[in-house]
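Here is the file my_file18.csv (CSV, C-alpha atoms).
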chain,number,residue,atom,x,y,z
A,124,PRO,CA,112.7,123.5,83.0
A,125,ASP,CA,114.2,123.5,86.5
A,126,GLY,CA,111.1,121.8,88.1
A,127,ILE,CA,111.4,118.6,86.2
A,128,ARG,CA,113.4,115.9,88.0
A,129,PRO,CA,113.1,112.3,89.2
A,130,VAL,CA,110.9,111.8,92.2
A,131,HIS,CA,113.6,109.9,94.0
A,132,GLU,CA,117.2,111.0,93.4
A,133,ASP,CA,118.7,107.5,94.1
A,134,ILE,CA,117.0,105.7,91.2
A,135,LEU,CA,119.6,104.7,88.6
A,136,LEU,CA,118.3,105.6,85.1
A,137,ALA,CA,121.4,104.7,83.1
A,138,LYS,CA,125.1,104.0,83.5
A,139,LEU,CA,127.2,106.2,81.2
A,140,ARG,CA,130.9,106.0,80.4
A,141,PRO,CA,133.0,109.2,80.5
A,142,GLY,CA,132.1,111.5,77.6
A,143,GLN,CA,128.7,109.8,77.0
A,144,ASN,CA,125.4,111.7,77.5
A,145,ILE,CA,121.7,111.1,77.0
A,146,GLU,CA,119.5,113.3,74.8
A,147,LEU,CA,115.9,112.9,75.9
A,148,GLU,CA,112.6,114.3,74.8
A,149,ALA,CA,109.7,113.3,77.1
A,150,HIS,CA,105.9,113.8,76.8
A,151,ALA,CA,103.5,113.5,79.7
A,152,ARG,CA,99.8,113.0,79.6
A,153,LEU,CA,97.5,113.3,82.6
A,154,GLY,CA,94.9,110.6,82.8
A,155,ASP,CA,92.8,108.6,85.2
A,156,GLY,CA,91.8,105.0,85.7
A,157,LYS,CA,88.6,105.5,83.7
A,158,ASP,CA,90.7,106.2,80.5
A,159,HIS,CA,93.1,103.3,80.9
A,160,ALA,CA,94.3,101.0,83.6
A,161,LYS,CA,97.9,102.4,83.3
A,162,PHE,CA,96.6,105.6,85.0
A,163,SER,CA,95.2,103.7,88.0
A,164,PRO,CA,97.2,104.0,91.2
A,165,VAL,CA,95.8,100.7,92.5
A,166,ALA,CA,97.6,97.4,91.8
A,167,THR,CA,94.9,95.2,93.4
A,168,ALA,CA,91.7,95.9,95.2
A,169,CYS,CA,89.6,93.0,96.5
A,170,TYR,CA,87.4,92.0,99.3
A,171,ARG,CA,86.4,88.8,101.1
A,172,LEU,CA,83.9,87.9,103.8
A,173,MET,CA,85.2,87.6,107.3
A,174,PRO,CA,85.7,83.9,108.2
A,175,GLN,CA,83.8,82.6,111.3
A,176,VAL,CA,85.7,79.7,112.8
A,177,GLU,CA,84.4,77.6,115.6
A,178,LEU,CA,85.4,74.3,117.2
A,179,VAL,CA,82.3,72.0,117.5
A,180,HIS,CA,84.3,69.5,119.5
A,181,ASP,CA,87.5,70.0,121.5
A,182,VAL,CA,90.7,69.1,119.6
A,183,TYR,CA,93.6,67.8,121.6
A,184,ASP,CA,97.3,66.8,121.3
A,185,ASP,CA,98.5,65.5,117.9
A,186,LEU,CA,95.2,66.4,116.3
A,187,ALA,CA,95.6,70.0,117.5
A,188,ASP,CA,99.1,70.2,116.0
A,189,GLU,CA,97.7,68.8,112.7
A,190,LEU,CA,94.9,71.4,112.7
A,191,ASP,CA,97.4,74.2,113.3
A,192,LYS,CA,99.4,73.0,110.3
A,193,TYR,CA,96.3,73.0,108.0
A,194,GLU,CA,95.2,76.5,109.1
A,195,PRO,CA,98.3,78.3,110.3
A,196,GLY,CA,97.7,81.4,112.5
A,197,VAL,CA,94.1,80.6,113.0
A,198,PHE,CA,94.4,78.4,116.1
A,199,LYS,CA,96.5,78.7,119.2
A,200,ILE,CA,97.8,75.6,120.9
A,201,VAL,CA,97.4,75.9,124.7
A,202,PRO,CA,98.5,73.6,127.5
A,203,CYS,CA,95.7,71.7,129.3
A,204,ASN,CA,95.1,68.9,131.8
A,205,GLU,CA,91.8,67.6,130.7
A,206,ASP,CA,91.3,63.8,130.6
A,207,GLY,CA,95.0,63.1,130.3
A,208,HIS,CA,95.5,65.5,127.3
A,209,SER,CA,98.5,67.8,127.3
A,210,GLN,CA,97.5,70.4,124.8
A,211,LYS,CA,94.3,71.8,123.2
A,212,ALA,CA,93.5,73.9,120.1
A,213,VAL,CA,91.5,77.1,120.6
A,214,VAL,CA,90.4,79.6,117.9
A,215,ASP,CA,92.8,82.6,118.2
A,216,ASN,CA,92.6,84.6,114.9
A,217,PRO,CA,89.8,83.9,112.5
A,218,TYR,CA,91.0,86.8,110.3
A,219,ALA,CA,94.0,84.6,109.2
A,220,CYS,CA,91.8,81.9,107.9
A,221,THR,CA,92.2,81.4,104.1
A,222,MET,CA,89.1,79.1,103.8
A,223,SER,CA,91.3,76.4,102.4
A,224,ARG,CA,89.4,73.6,104.2
A,225,ASN,CA,92.4,71.4,104.1
A,226,PHE,CA,91.6,70.2,107.5
A,227,MET,CA,88.7,68.2,106.0
A,228,ARG,CA,91.1,65.6,104.8
A,229,ASN,CA,91.1,64.3,108.3
A,230,PRO,CA,87.7,62.8,109.2
A,231,GLU,CA,88.1,63.7,112.9
A,232,LEU,CA,88.9,67.3,112.2
A,233,LYS,CA,86.1,67.5,109.6
A,234,GLU,CA,83.6,66.8,112.4
A,235,ALA,CA,85.3,69.1,114.9
A,236,VAL,CA,85.7,72.3,113.0
A,237,ARG,CA,83.1,74.5,111.3
A,238,ILE,CA,84.2,77.3,109.1
A,239,THR,CA,81.6,79.7,107.7
A,240,ARG,CA,81.6,83.4,106.5
A,241,LYS,CA,79.9,86.4,108.2
A,242,ALA,CA,77.6,87.8,105.6
A,243,ASP,CA,77.7,91.3,107.0
A,244,HIS,CA,81.5,91.7,107.6
A,245,PHE,CA,83.8,92.5,104.7
A,246,ILE,CA,87.6,92.6,104.6
A,247,PHE,CA,88.8,95.0,102.0
A,248,SER,CA,92.4,95.0,100.7
A,249,VAL,CA,93.8,97.8,98.6
A,250,GLU,CA,97.4,97.8,97.3
A,251,SER,CA,98.9,101.0,95.9
A,252,VAL,CA,101.6,101.2,93.2
A,253,GLY,CA,101.4,104.9,92.5
A,254,MET,CA,102.3,108.0,94.5
A,255,LEU,CA,99.0,107.9,96.5
A,256,PRO,CA,98.9,105.7,99.7
A,257,ALA,CA,96.2,103.1,99.8
A,258,SER,CA,94.3,105.1,102.6
A,259,THR,CA,94.0,108.1,100.4
A,260,ILE,CA,92.8,106.1,97.4
A,261,LEU,CA,90.2,104.5,99.7
A,262,ALA,CA,89.0,107.8,101.1
A,263,GLU,CA,88.8,109.3,97.5
A,264,SER,CA,86.8,106.3,96.3
A,265,PHE,CA,84.3,106.7,99.1
A,266,SER,CA,83.9,110.3,98.1
A,267,VAL,CA,83.2,109.3,94.5
A,268,LEU,CA,80.8,106.6,95.7
A,269,LYS,CA,78.9,109.1,97.9
A,270,ALA,CA,78.6,111.6,95.0
A,271,LYS,CA,77.2,108.9,92.7
A,272,CYS,CA,74.7,107.7,95.4
A,273,GLN,CA,73.6,111.3,95.9
A,274,ASN,CA,73.1,111.7,92.1
A,275,VAL,CA,71.0,108.5,91.9
A,276,THR,CA,68.9,109.8,94.8
A,277,ARG,CA,68.4,113.2,93.1
A,278,LEU,CA,67.4,111.5,89.8
A,279,ALA,CA,65.0,109.2,91.6
A,280,ASN,CA,63.4,112.2,93.3
A,281,GLU,CA,63.1,114.1,90.1
A,282,SER,CA,61.5,111.1,88.4
A,283,LEU,CA,59.0,110.8,91.2
A,284,GLU,CA,58.2,114.5,91.1
A,285,GLY,CA,57.7,114.3,87.3
A,286,GLU,CA,55.2,111.4,87.7
A,287,MET,CA,53.3,113.3,90.4
A,288,LEU,CA,52.9,116.3,88.0
A,289,ASN,CA,51.7,114.0,85.2
A,290,CYS,CA,48.9,112.5,87.3

Now, as a test, write the supplied structure out as structure tokens.
Amino acid sequence: PDGIRPVHEDILLAKLRPGQNIELEAHARLGDGKDHAKFSPVATACYRLMPQVELVHDVYDDLADELDKYEPGVFKIVPCNEDGHSQKAVVDNPYACTMSRNFMRNPELKEAVRITRKADHFIFSVESVGMLPASTILAESFSVLKAKCQNVTRLANESLEGEMLNC
């Protein structure tokens, strides 16, 4: 049929020499992720709790540089003129924190930094490998979740109504 073709024309399927050809018979089956993982358009979907990073004590100079190496991207080294110190670490991007806690190797940093998690703040990550973008997959999954919640609510109401009739 005329409608069957590769999605992208620039994908090399095979290299043929002059006079060679490929005879192909293909079968397709429509499925979804409930049947088998091979039908799922998601490579990975995960979540983590938002890190909460705070400096209990100020961290200066070489110790600030060391802290920035242990948790790259989380802290910003800023110039300062406090008590003869030339630079200071400040929390800049707690989102970048990997919760590695490598800074605890240094006893001074262990006392100066507190890393916890916000219990009510989730960071979701969805990677797509199929034809659907991750945003579409996430929107569809919310629609499915909403439908399932409505079904549970309906079943609970029916159960309560049944108990009321039996009393």

Give me, as a list in words, all polymer residues having an atom no more than 12 Å from A:Ser251, counting all atoms listed in the file and skipping those fewer than 4 positions away in the same chain.
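Selected residues are Ser163, Pro164, Val165, Ala166, Thr167, Ala168, Leu255, Pro256, Ala257, Ser258, Thr259, Ile260 and Leu261 of chain A.
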
Selection: 12 Å around A:Asn229, all atoms listed in the file, excl. self and same-chain fewer than 6 positions, as a VMD selection string:
chain A and resid 186 to 187 189 to 190 193 235 to 236

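Note that atom CA of A:Phe162 and atom CA of A:Val252 are 10.6 Å apart.
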
Determine, counting all atoms listed in the file, which protein, DNA and RNA residues have an atom within 10 Å of an atom of A:Phe247; residues of the same chain fewer than 2 positions away are not included. Present the result as a PyMOL selection string.
chain A and resi 168-173+244-245+249+261

Could you turn the residues from that selection into a file that holds C-alpha atoms, as a PDB file, in the frame of the given file?
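Okay, selection_13.pdb is ready:
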ATOM      1  CA  ALA A 168      91.700  95.900  95.200  1.00  0.00           C
ATOM      2  CA  CYS A 169      89.600  93.000  96.500  1.00  0.00           C
ATOM      3  CA  TYR A 170      87.400  92.000  99.300  1.00  0.00           C
ATOM      4  CA  ARG A 171      86.400  88.800 101.100  1.00  0.00           C
ATOM      5  CA  LEU A 172      83.900  87.900 103.800  1.00  0.00           C
ATOM      6  CA  MET A 173      85.200  87.600 107.300  1.00  0.00           C
ATOM      7  CA  HIS A 244      81.500  91.700 107.600  1.00  0.00           C
ATOM      8  CA  PHE A 245      83.800  92.500 104.700  1.00  0.00           C
ATOM      9  CA  VAL A 249      93.800  97.800  98.600  1.00  0.00           C
ATOM     10  CA  LEU A 261      90.200 104.500  99.700  1.00  0.00           C
TER      11      LEU A 261
END

Interatomic distance, atom CA of A:Cys220 to atom CA of A:Val197 (Å, one decimal)
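So the answer is 5.7 Å.
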
Using atom CA of A:Thr221 and atom CA of A:Lys233 as the two end points, give the distance in Å to one decimal.
16.1 Å

Pick from A:Pro141, A:Arg224, A:Gly253, A:Asp191 nearest to A:Gly156, counting only C-alpha atoms:
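With only C-alpha atoms as the atom set, the closest residue is A:Gly253.
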
Step by step, gather every atom of stretch 272-285 of chain A that the file lists, find the box along x, y and z that holds them, add 8 Å on each side, and finally give centre and edge lengths in Å to one decimal, as lines of an AutoDock Vina configuration file.
center_x = 66.2
center_y = 111.1
center_z = 91.6
size_x = 33.0
size_y = 22.8
size_z = 24.6

Any chance you could model N, CA, C and O atoms for stretch 227-248 of chain A and send them as a short mmCIF file (atom, residue, chain, number, x, y, z; two decimals), in the coordinates of the input?
data_model
loop_
_atom_site.label_atom_id
_atom_site.label_comp_id
_atom_site.auth_asym_id
_atom_site.auth_seq_id
_atom_site.Cartn_x
_atom_site.Cartn_y
_atom_site.Cartn_z
N MET A 227 89.70 69.22 106.28
CA MET A 227 88.70 68.20 106.00
C MET A 227 89.21 66.92 105.48
O MET A 227 88.47 65.94 105.37
N ARG A 228 90.50 66.89 105.18
CA ARG A 228 91.10 65.60 104.80
C ARG A 228 91.13 64.63 105.92
O ARG A 228 91.15 63.43 105.69
N ASN A 229 91.16 65.15 107.13
CA ASN A 229 91.10 64.30 108.30
C ASN A 229 89.68 64.19 108.78
O ASN A 229 89.06 65.20 109.14
N PRO A 230 89.11 62.99 108.81
CA PRO A 230 87.70 62.80 109.20
C PRO A 230 87.37 63.36 110.60
O PRO A 230 86.29 63.90 110.82
N GLU A 231 88.31 63.22 111.53
CA GLU A 231 88.10 63.70 112.90
C GLU A 231 87.99 65.23 112.92
O GLU A 231 87.13 65.82 113.59
N LEU A 232 88.90 65.88 112.20
CA LEU A 232 88.90 67.30 112.20
C LEU A 232 87.69 67.86 111.38
O LEU A 232 87.15 68.92 111.69
N LYS A 233 87.27 67.11 110.38
CA LYS A 233 86.10 67.50 109.60
C LYS A 233 84.87 67.63 110.48
O LYS A 233 84.04 68.53 110.29
N GLU A 234 84.76 66.75 111.47
CA GLU A 234 83.60 66.80 112.40
C GLU A 234 83.81 67.82 113.50
O GLU A 234 82.84 68.29 114.08
N ALA A 235 85.07 68.19 113.79
CA ALA A 235 85.30 69.10 114.90
C ALA A 235 85.36 70.54 114.61
O ALA A 235 85.17 71.36 115.50
N VAL A 236 85.57 70.89 113.34
CA VAL A 236 85.70 72.30 113.00
C VAL A 236 84.64 72.73 112.01
O VAL A 236 84.32 72.01 111.07
N ARG A 237 84.10 73.91 112.25
CA ARG A 237 83.10 74.50 111.30
C ARG A 237 83.61 75.87 110.92
O ARG A 237 83.85 76.73 111.76
N ILE A 238 83.78 76.05 109.60
CA ILE A 238 84.20 77.30 109.10
C ILE A 238 83.11 77.87 108.16
O ILE A 238 82.72 77.21 107.20
N THR A 239 82.63 79.06 108.49
CA THR A 239 81.60 79.70 107.70
C THR A 239 82.09 81.17 107.43
O THR A 239 83.18 81.55 107.84
N ARG A 240 81.24 81.95 106.79
CA ARG A 240 81.60 83.40 106.50
C ARG A 240 80.47 84.24 107.16
O ARG A 240 79.30 83.89 107.11
N LYS A 241 80.88 85.38 107.70
CA LYS A 241 79.90 86.40 108.20
C LYS A 241 79.41 87.17 107.03
O LYS A 241 80.19 87.84 106.35
N ALA A 242 78.12 87.13 106.79
CA ALA A 242 77.60 87.80 105.60
C ALA A 242 77.60 89.30 105.67
O ALA A 242 77.54 89.96 104.64
N ASP A 243 77.74 89.87 106.85
CA ASP A 243 77.70 91.30 107.00
C ASP A 243 79.05 91.93 107.41
O ASP A 243 79.10 93.04 107.91
N HIS A 244 80.13 91.19 107.21
CA HIS A 244 81.50 91.70 107.60
C HIS A 244 82.43 91.47 106.46
O HIS A 244 82.77 90.34 106.11
N PHE A 245 82.89 92.56 105.85
CA PHE A 245 83.80 92.50 104.70
C PHE A 245 85.18 92.92 105.08
O PHE A 245 85.37 93.85 105.86
N ILE A 246 86.16 92.26 104.49
CA ILE A 246 87.60 92.60 104.60
C ILE A 246 88.03 93.14 103.29
O ILE A 246 88.06 92.39 102.31
N PHE A 247 88.37 94.42 103.23
CA PHE A 247 88.80 95.00 102.00
C PHE A 247 90.36 95.09 102.00
O PHE A 247 90.97 95.37 103.02
N SER A 248 90.94 94.89 100.83
CA SER A 248 92.40 95.00 100.70
C SER A 248 92.67 95.87 99.45
O SER A 248 92.16 95.60 98.37
#
